[in-house]
Structure formats: C-alpha cells, structure tokens
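Content type PDB, C-alpha atoms, pLDDT in the B column, from the file entry18.pdb:
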ATOM      1  CA  MET A 274    -105.999  93.671  89.027  1.00 91.00           C
ATOM      2  CA  HIS A 275    -104.704  91.390  86.302  1.00 92.00           C
ATOM      3  CA  LYS A 276    -102.255  88.566  85.691  1.00 91.00           C
ATOM      4  CA  HIS A 277    -100.246  87.170  82.796  1.00 91.00           C
ATOM      5  CA  VAL A 278     -97.839  84.311  82.099  1.00 94.00           C
ATOM      6  CA  HIS A 279     -94.907  86.722  81.857  1.00 95.00           C
ATOM      7  CA  GLU A 280     -92.583  87.547  84.725  1.00 96.00           C
ATOM      8  CA  GLN A 281     -92.490  91.308  85.148  1.00 96.00           C
ATOM      9  CA  VAL A 282     -90.031  93.762  86.643  1.00 97.00           C
ATOM     10  CA  THR A 283     -91.143  97.369  86.970  1.00 97.00           C
ATOM     11  CA  TYR A 284     -88.773 100.291  87.592  1.00 98.00           C
ATOM     12  CA  VAL A 285     -90.113 103.659  88.739  1.00 98.00           C
ATOM     13  CA  LEU A 286     -88.633 106.436  86.609  1.00 98.00           C
ATOM     14  CA  LYS A 287     -90.756 109.198  88.134  1.00 98.00           C
ATOM     15  CA  GLY A 288     -93.400 109.548  90.834  1.00 98.00           C
ATOM     16  CA  SER A 289     -94.770 106.984  93.254  1.00 98.00           C
ATOM     17  CA  PHE A 290     -97.174 104.068  92.951  1.00 98.00           C
ATOM     18  CA  LYS A 291     -99.122 101.684  95.158  1.00 98.00           C
ATOM     19  CA  PHE A 292     -98.861  98.070  93.983  1.00 97.00           C
ATOM     20  CA  ILE A 293    -101.068  95.258  95.213  1.00 95.00           C
ATOM     21  CA  ILE A 294     -99.912  91.655  94.788  1.00 94.00           C
ATOM     22  CA  ASP A 295    -102.522  88.983  95.517  1.00 92.00           C
ATOM     23  CA  HIS A 296    -100.917  85.707  96.613  1.00 86.00           C
ATOM     24  CA  GLY A 297    -104.289  84.006  97.132  1.00 85.00           C
ATOM     25  CA  GLU A 298    -104.561  83.812 100.899  1.00 89.00           C
ATOM     26  CA  THR A 299    -102.569  87.011 101.442  1.00 90.00           C
ATOM     27  CA  LYS A 300    -102.214  90.373  99.724  1.00 92.00           C
ATOM     28  CA  ASP A 301     -99.007  92.362  99.687  1.00 93.00           C
ATOM     29  CA  VAL A 302     -99.263  96.149  99.345  1.00 96.00           C
ATOM     30  CA  GLN A 303     -96.107  98.072  98.483  1.00 96.00           C
ATOM     31  CA  ILE A 304     -95.484 101.753  97.858  1.00 98.00           C
ATOM     32  CA  VAL A 305     -92.658 102.276  95.365  1.00 97.00           C
ATOM     33  CA  LYS A 306     -91.107 105.583  94.361  1.00 97.00           C
ATOM     34  CA  GLU A 307     -88.530 106.963  91.968  1.00 97.00           C
ATOM     35  CA  GLY A 308     -85.515 104.632  91.787  1.00 98.00           C
ATOM     36  CA  ASP A 309     -87.374 101.611  93.224  1.00 98.00           C
ATOM     37  CA  SER A 310     -88.238  98.423  91.371  1.00 97.00           C
ATOM     38  CA  ILE A 311     -90.712  95.629  91.977  1.00 96.00           C
ATOM     39  CA  HIS A 312     -91.013  92.052  90.659  1.00 95.00           C
ATOM     40  CA  PHE A 313     -94.175  90.125  89.748  1.00 94.00           C
ATOM     41  CA  PRO A 314     -93.849  86.355  89.267  1.00 93.00           C
ATOM     42  CA  SER A 315     -95.661  84.640  86.411  1.00 94.00           C
ATOM     43  CA  ASP A 316     -99.444  84.201  86.862  1.00 94.00           C
ATOM     44  CA  THR A 317     -99.573  86.398  89.970  1.00 93.00           C
ATOM     45  CA  LEU A 318    -102.590  88.698  90.303  1.00 94.00           C
ATOM     46  CA  HIS A 319    -101.395  92.297  90.659  1.00 96.00           C
ATOM     47  CA  GLY A 320    -102.455  95.887  90.142  1.00 96.00           C
ATOM     48  CA  CYS A 321    -101.155  99.441  90.352  1.00 96.00           C
ATOM     49  CA  ILE A 322    -102.540 102.756  91.583  1.00 97.00           C
ATOM     50  CA  PRO A 323    -100.565 105.886  90.638  1.00 97.00           C
ATOM     51  CA  LEU A 324    -100.126 108.229  93.595  1.00 98.00           C
ATOM     52  CA  GLU A 325     -99.135 111.210  91.427  1.00 94.00           C
ATOM     53  CA  ASP A 326    -100.438 112.421  88.071  1.00 94.00           C
ATOM     54  CA  ASP A 327     -97.078 112.526  86.278  1.00 95.00           C
ATOM     55  CA  GLY A 328     -95.605 109.136  87.271  1.00 97.00           C
ATOM     56  CA  ILE A 329     -93.644 107.064  84.748  1.00 98.00           C
ATOM     57  CA  LEU A 330     -92.916 103.316  84.920  1.00 97.00           C
ATOM     58  CA  LEU A 331     -90.552 101.170  82.868  1.00 97.00           C
ATOM     59  CA  ASP A 332     -91.732  97.545  82.547  1.00 95.00           C
ATOM     60  CA  ALA A 333     -89.696  94.538  81.418  1.00 95.00           C
ATOM     61  CA  PHE A 334     -91.305  91.167  80.683  1.00 95.00           C
ATOM     62  CA  THR A 335     -89.982  87.679  80.078  1.00 95.00           C
ATOM     63  CA  PRO A 336     -90.807  86.114  77.752  1.00 93.00           C
ATOM     64  CA  ALA A 337     -91.305  89.213  75.619  1.00 91.00           C
ATOM     65  CA  ARG A 338     -94.930  90.357  75.340  1.00 89.00           C
ATOM     66  CA  ALA A 339     -95.871  90.228  71.656  1.00 87.00           C
ATOM     67  CA  ASP A 340     -98.884  92.474  72.371  1.00 85.00           C
ATOM     68  CA  PHE A 341     -96.484  95.267  73.435  1.00 81.00           C
ATOM     69  CA  LEU A 342     -94.187  95.067  70.404  1.00 78.00           C
TER      70      LEU A 342
END
Spit out the file's structure as structure tokens when you get a sec.
Amino acid sequence: MHKHVHEQVTYVLKGSFKFIIDHGETKDVQIVKEGDSIHFPSDTLHGCIPLEDDGILLDAFTPARADFL
C-alpha cells in the first residue's frame, strides 16, 4: 500500500489485478482485467496484487512523476 500526491489512472493491457483503495473508514477492493481502467485520487492509499504472472499495466499520472521520467 502506498500513496502519492499525483492522481493516477491505470489501464490493464494484459492480465488481471486486485486493487485495494483505502478511504480511511472503508476499503474498496476491485478486480480489473484486460481493457479495464481504474482511477486513484491524489493522496489516496492504494495497492495492487497481480493475479497472473504476465500482467501488464499502463499508468498515467498528473502532475507528471519526475521520478518516472
């Protein structure tokens, strides 16, 4: 589980993943698979568990993450 100031959108290119989003008092668990996307607001605790060995995600952040450039 981690969080960052960036908003994040993740698109599943291949495979399936279990995402956990911690809203403080509640936790949201979502299974996403190829063709699905998921959004994480800024400063929201979240994590990911791959459900297949060969899964591929495409992440987009705003503002841009300098540590990923």
Requested in this report: Starting from the displayed file, determine the output of the PyMOL selection byres ((chain A and resi 328) around 10) and express the residue list as a list in words.
Outcome: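 For this structure, the PyMOL selection byres ((chain A and resi 328) around 10) captures Val285, Leu286, Lys287, Gly288, Ser289, Phe290, Lys306, Glu307, Pro323, Leu324, Glu325, Asp326, Asp327, Ile329 and Leu330 of chain A.
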Need to verify the contact set: Phe292 of chain A, 6 Å, all atoms listed in the file, exclusion of same-chain residues closer than 4 positions in sequence. Can you return it as a PDB file with C-alpha atoms, in the coordinates of the input?
ATOM      1  CA  VAL A 302     -99.263  96.149  99.345  1.00 96.00           C
ATOM      2  CA  GLN A 303     -96.107  98.072  98.483  1.00 96.00           C
ATOM      3  CA  GLY A 320    -102.455  95.887  90.142  1.00 96.00           C
ATOM      4  CA  CYS A 321    -101.155  99.441  90.352  1.00 96.00           C
TER       5      CYS A 321
END
**Report entry** Residue contacts of Asp316 of chain A (7 Å, all atoms listed in the file) excluding same-chain residues fewer than 6 positions away, as a PyMOL selection string
**Finding:** chain A and resi 276-278
Report summary line: In Å and to one decimal, atom CA of His312 of chain A is distant from atom CA of Thr283 of chain A by 6.5 Å
Query raised in the report: Counting all atoms listed in the file, which of A:Lys300, A:Lys291, A:Gln281, A:His275 gets nearest to Arg338 of chain A?
Result: A:Gln281
Query raised in the report: Which of these, A:Leu342, A:Leu331, A:Thr299, A:Ala337, has the shortest distance to Ile311 of chain A once you count only C-alpha atoms?
Result: A:Leu331
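For the pair atom CA of Pro314 of chain A and atom CA of His279 of chain A, the interatomic distance is 7.5 Å.
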Report task. Fewer than 4 positions away in the same chain doesn't count, so skip those; otherwise give me all residues within 7 Å of Thr317 of chain A, counting all atoms listed in the file, as number ranges by chain. Result -> A: 276, 295-296, 313
Report task. Have a look at atom CA of Met274 of chain A and atom CA of Ile294 of chain A and let me know their distance in Å, one decimal. Result -> 8.6 Å
Report summary line: If you count all atoms listed in the file, the residue of A:Ile322, A:Tyr284, A:Pro336, A:Phe341 closest to Asp309 of chain A turns out to be A:Tyr284
